[in-house]
Amino acid sequence: MSPLELIREKVTRLRDSDPHIHVNVSITRPKVKIDNEPAEILGVYPNVFRLRDMSSKDGKSYTIKYSDILTGQIEIVELGKLTG
């Protein structure tokens with residue numbers, strides 16, 4: 001199983017157990033900087049997953065590539081707690 005498939009599996013497991021998570025985001029395009037803010041996993045797809053930023057009043061949604069987790073641009077705090 002590739003590293004991206006493992007990440008997708010962990011995100012799916014996390015969504016199934018509790019879609020409410022905390023994220024750290026540092027992306028330059030579009031410029032997004034989020035530090036340990038609440039978010040909700042809206043959907044998990046083959047190449048991406050969707051998050052809703054629960055800290056903003058408009059609940060902005062983002063489409064995230066699994067490679068963004070692999071490269072460290074996105075960190076799901078709860079993902080570090082999952083084992084196996």
# chains A, B, ... in the order shown; residues from 1 in each chain; ligands from 1

call {"tool": "select_by_dssp", "arguments": {"residues": "chain A", "states": "helix (DSSP H, G or I)", "output": "ChimeraX atom specification"}}
result
/A:3-17,66-70,77-81

call {"tool": "closest_atom_pairs", "arguments": {"of": "region 29-52 of chain A", "to": "region 4-17 of chain A", "cutoff": "10 Å", "atoms": "only C-alpha atoms", "output": "CSV"}}
result
residue,atom,partner,partner_atom,distance
A:Glu40,CA,A:Arg15,CA,8.4
A:Ile41,CA,A:Arg15,CA,6.1
A:Leu42,CA,A:Arg15,CA,8.2
A:Gly43,CA,A:Arg15,CA,8.1
A:Val44,CA,A:Thr12,CA,6.3
A:Tyr45,CA,A:Arg8,CA,8.2
A:Pro46,CA,A:Arg8,CA,7.7
A:Asn47,CA,A:Arg8,CA,8.2
A:Val48,CA,A:Arg8,CA,8.2
A:Phe49,CA,A:Val11,CA,8.3

call {"tool": "write_last_selection", "arguments": {"atoms": "C-alpha atoms", "output": "CSV table (one decimal), in the first residue's frame"}}
result
chain,number,residue,atom,x,y,z
A,40,GLU,CA,-14.9,18.8,10.2
A,41,ILE,CA,-14.2,16.2,7.6
A,42,LEU,CA,-17.0,16.5,5.0
A,43,GLY,CA,-16.0,13.8,2.6
A,44,VAL,CA,-13.2,11.4,1.7
A,45,TYR,CA,-12.6,10.7,-2.0
A,46,PRO,CA,-9.9,8.7,-4.0
A,47,ASN,CA,-7.5,11.7,-4.4
A,48,VAL,CA,-8.7,14.4,-2.0
A,49,PHE,CA,-10.8,15.0,1.0

call {"tool": "residues_around", "arguments": {"residues": "Pro38 (chain A)", "least_positions_apart": "3", "cutoff": "12 Å", "atoms": "only C-alpha atoms", "output": "list in words"}}
result
Pro19, His20, Ile21, His22, Val23, Asn24, Val25, Ile34, Asp35, Ile41, Leu51, Arg52, Asp53, Met54, Ser55, Ser56, Gly59, Lys60, Ile76, Val77 and Glu78 of chain A

call {"tool": "atom_distance", "arguments": {"atom1": "CA of Leu70 (chain A)", "atom2": "CA of Glu37 (chain A)"}}
result
19.5 Å

call {"tool": "closest_residue", "arguments": {"among": "A:Pro30, A:Asp18, A:Met1, A:Asn36", "to": "Glu75 (chain A)", "atoms": "only C-alpha atoms"}}
result
A:Asn36

call {"tool": "select_by_dssp", "arguments": {"residues": "chain A", "states": "strand (DSSP E or B)", "output": "JSON, numbers by chain"}}
result
{"A": [20, 21, 22, 23, 24, 25, 26, 27, 32, 33, 34, 35, 36, 37, 38, 39, 40, 41, 42, 43, 44, 48, 49, 50, 51, 52, 53, 61, 62, 63, 64, 65, 74, 75, 76]}

call {"tool": "write_last_selection", "arguments": {"atoms": "N, CA and C atoms", "output": "short mmCIF file (atom, residue, chain, number, x, y, z; two decimals), in the first residue's frame"}}
result
data_model
loop_
_atom_site.label_atom_id
_atom_site.label_comp_id
_atom_site.auth_asym_id
_atom_site.auth_seq_id
_atom_site.Cartn_x
_atom_site.Cartn_y
_atom_site.Cartn_z
N HIS A 20 -15.04 15.47 13.58
CA HIS A 20 -14.60 16.75 14.13
C HIS A 20 -13.15 16.62 14.60
N ILE A 21 -12.28 17.39 13.97
CA ILE A 21 -10.84 17.26 14.18
C ILE A 21 -10.24 18.64 14.41
N HIS A 22 -8.94 18.69 14.62
CA HIS A 22 -8.18 19.94 14.71
C HIS A 22 -7.07 19.88 13.67
N VAL A 23 -6.88 20.99 12.95
CA VAL A 23 -5.90 21.00 11.87
C VAL A 23 -4.92 22.15 12.02
N ASN A 24 -3.74 21.92 11.48
CA ASN A 24 -2.73 22.95 11.27
C ASN A 24 -2.52 23.00 9.76
N VAL A 25 -2.69 24.18 9.17
CA VAL A 25 -2.58 24.32 7.72
C VAL A 25 -1.60 25.44 7.42
N SER A 26 -0.71 25.18 6.48
CA SER A 26 0.19 26.21 6.01
C SER A 26 0.36 26.03 4.50
N ILE A 27 -0.47 26.72 3.74
CA ILE A 27 -0.46 26.62 2.28
C ILE A 27 -0.23 28.02 1.72
N VAL A 32 -3.34 30.14 3.07
CA VAL A 32 -4.14 29.69 4.20
C VAL A 32 -3.19 29.37 5.34
N LYS A 33 -3.45 29.92 6.49
CA LYS A 33 -2.66 29.64 7.69
C LYS A 33 -3.64 29.40 8.82
N ILE A 34 -3.71 28.17 9.29
CA ILE A 34 -4.61 27.78 10.38
C ILE A 34 -3.78 27.04 11.42
N ASP A 35 -3.90 27.44 12.67
CA ASP A 35 -3.15 26.79 13.75
C ASP A 35 -4.09 26.15 14.75
N ASN A 36 -4.09 24.83 14.77
CA ASN A 36 -4.85 24.03 15.73
C ASN A 36 -6.29 24.50 15.88
N GLU A 37 -6.96 24.66 14.76
CA GLU A 37 -8.35 25.11 14.75
C GLU A 37 -9.28 23.93 14.50
N PRO A 38 -10.50 24.00 15.01
CA PRO A 38 -11.45 22.92 14.78
C PRO A 38 -11.89 22.89 13.32
N ALA A 39 -12.06 21.68 12.81
CA ALA A 39 -12.52 21.47 11.44
C ALA A 39 -13.36 20.21 11.42
N GLU A 40 -14.06 20.03 10.32
CA GLU A 40 -14.90 18.84 10.16
C GLU A 40 -14.57 18.21 8.82
N ILE A 41 -14.37 16.89 8.81
CA ILE A 41 -14.16 16.18 7.56
C ILE A 41 -15.52 15.99 6.91
N LEU A 42 -15.69 16.58 5.73
CA LEU A 42 -16.97 16.51 5.03
C LEU A 42 -17.08 15.29 4.12
N GLY A 43 -15.97 14.89 3.52
CA GLY A 43 -16.00 13.76 2.60
C GLY A 43 -14.60 13.28 2.29
N VAL A 44 -14.48 11.99 2.01
CA VAL A 44 -13.21 11.38 1.65
C VAL A 44 -13.38 10.78 0.27
N VAL A 48 -8.59 13.18 -2.90
CA VAL A 48 -8.70 14.36 -2.03
C VAL A 48 -9.70 14.09 -0.91
N PHE A 49 -9.71 14.99 0.07
CA PHE A 49 -10.80 14.99 1.05
C PHE A 49 -11.21 16.44 1.29
N ARG A 50 -12.41 16.63 1.83
CA ARG A 50 -12.94 17.96 2.05
C ARG A 50 -13.01 18.25 3.53
N LEU A 51 -12.60 19.47 3.90
CA LEU A 51 -12.65 19.96 5.27
C LEU A 51 -13.48 21.22 5.34
N ARG A 52 -14.16 21.41 6.45
CA ARG A 52 -14.82 22.68 6.74
C ARG A 52 -14.14 23.28 7.95
N ASP A 53 -13.68 24.53 7.80
CA ASP A 53 -13.03 25.26 8.89
C ASP A 53 -14.13 25.74 9.84
N SER A 61 -14.89 25.94 3.33
CA SER A 61 -14.51 24.58 3.01
C SER A 61 -13.25 24.56 2.15
N TYR A 62 -12.46 23.50 2.32
CA TYR A 62 -11.23 23.33 1.56
C TYR A 62 -11.18 21.91 1.01
N THR A 63 -10.61 21.78 -0.17
CA THR A 63 -10.32 20.48 -0.75
C THR A 63 -8.84 20.24 -0.54
N ILE A 64 -8.51 19.14 0.11
CA ILE A 64 -7.14 18.85 0.51
C ILE A 64 -6.66 17.58 -0.19
N LYS A 65 -5.45 17.65 -0.75
CA LYS A 65 -4.83 16.46 -1.34
C LYS A 65 -4.12 15.69 -0.24
N ILE A 74 -0.33 20.21 5.62
CA ILE A 74 -1.52 20.01 6.44
C ILE A 74 -1.16 19.01 7.53
N GLU A 75 -1.57 19.31 8.74
CA GLU A 75 -1.40 18.36 9.83
C GLU A 75 -2.74 18.20 10.52
N ILE A 76 -3.21 16.97 10.59
CA ILE A 76 -4.42 16.66 11.35
C ILE A 76 -3.93 16.17 12.70
#
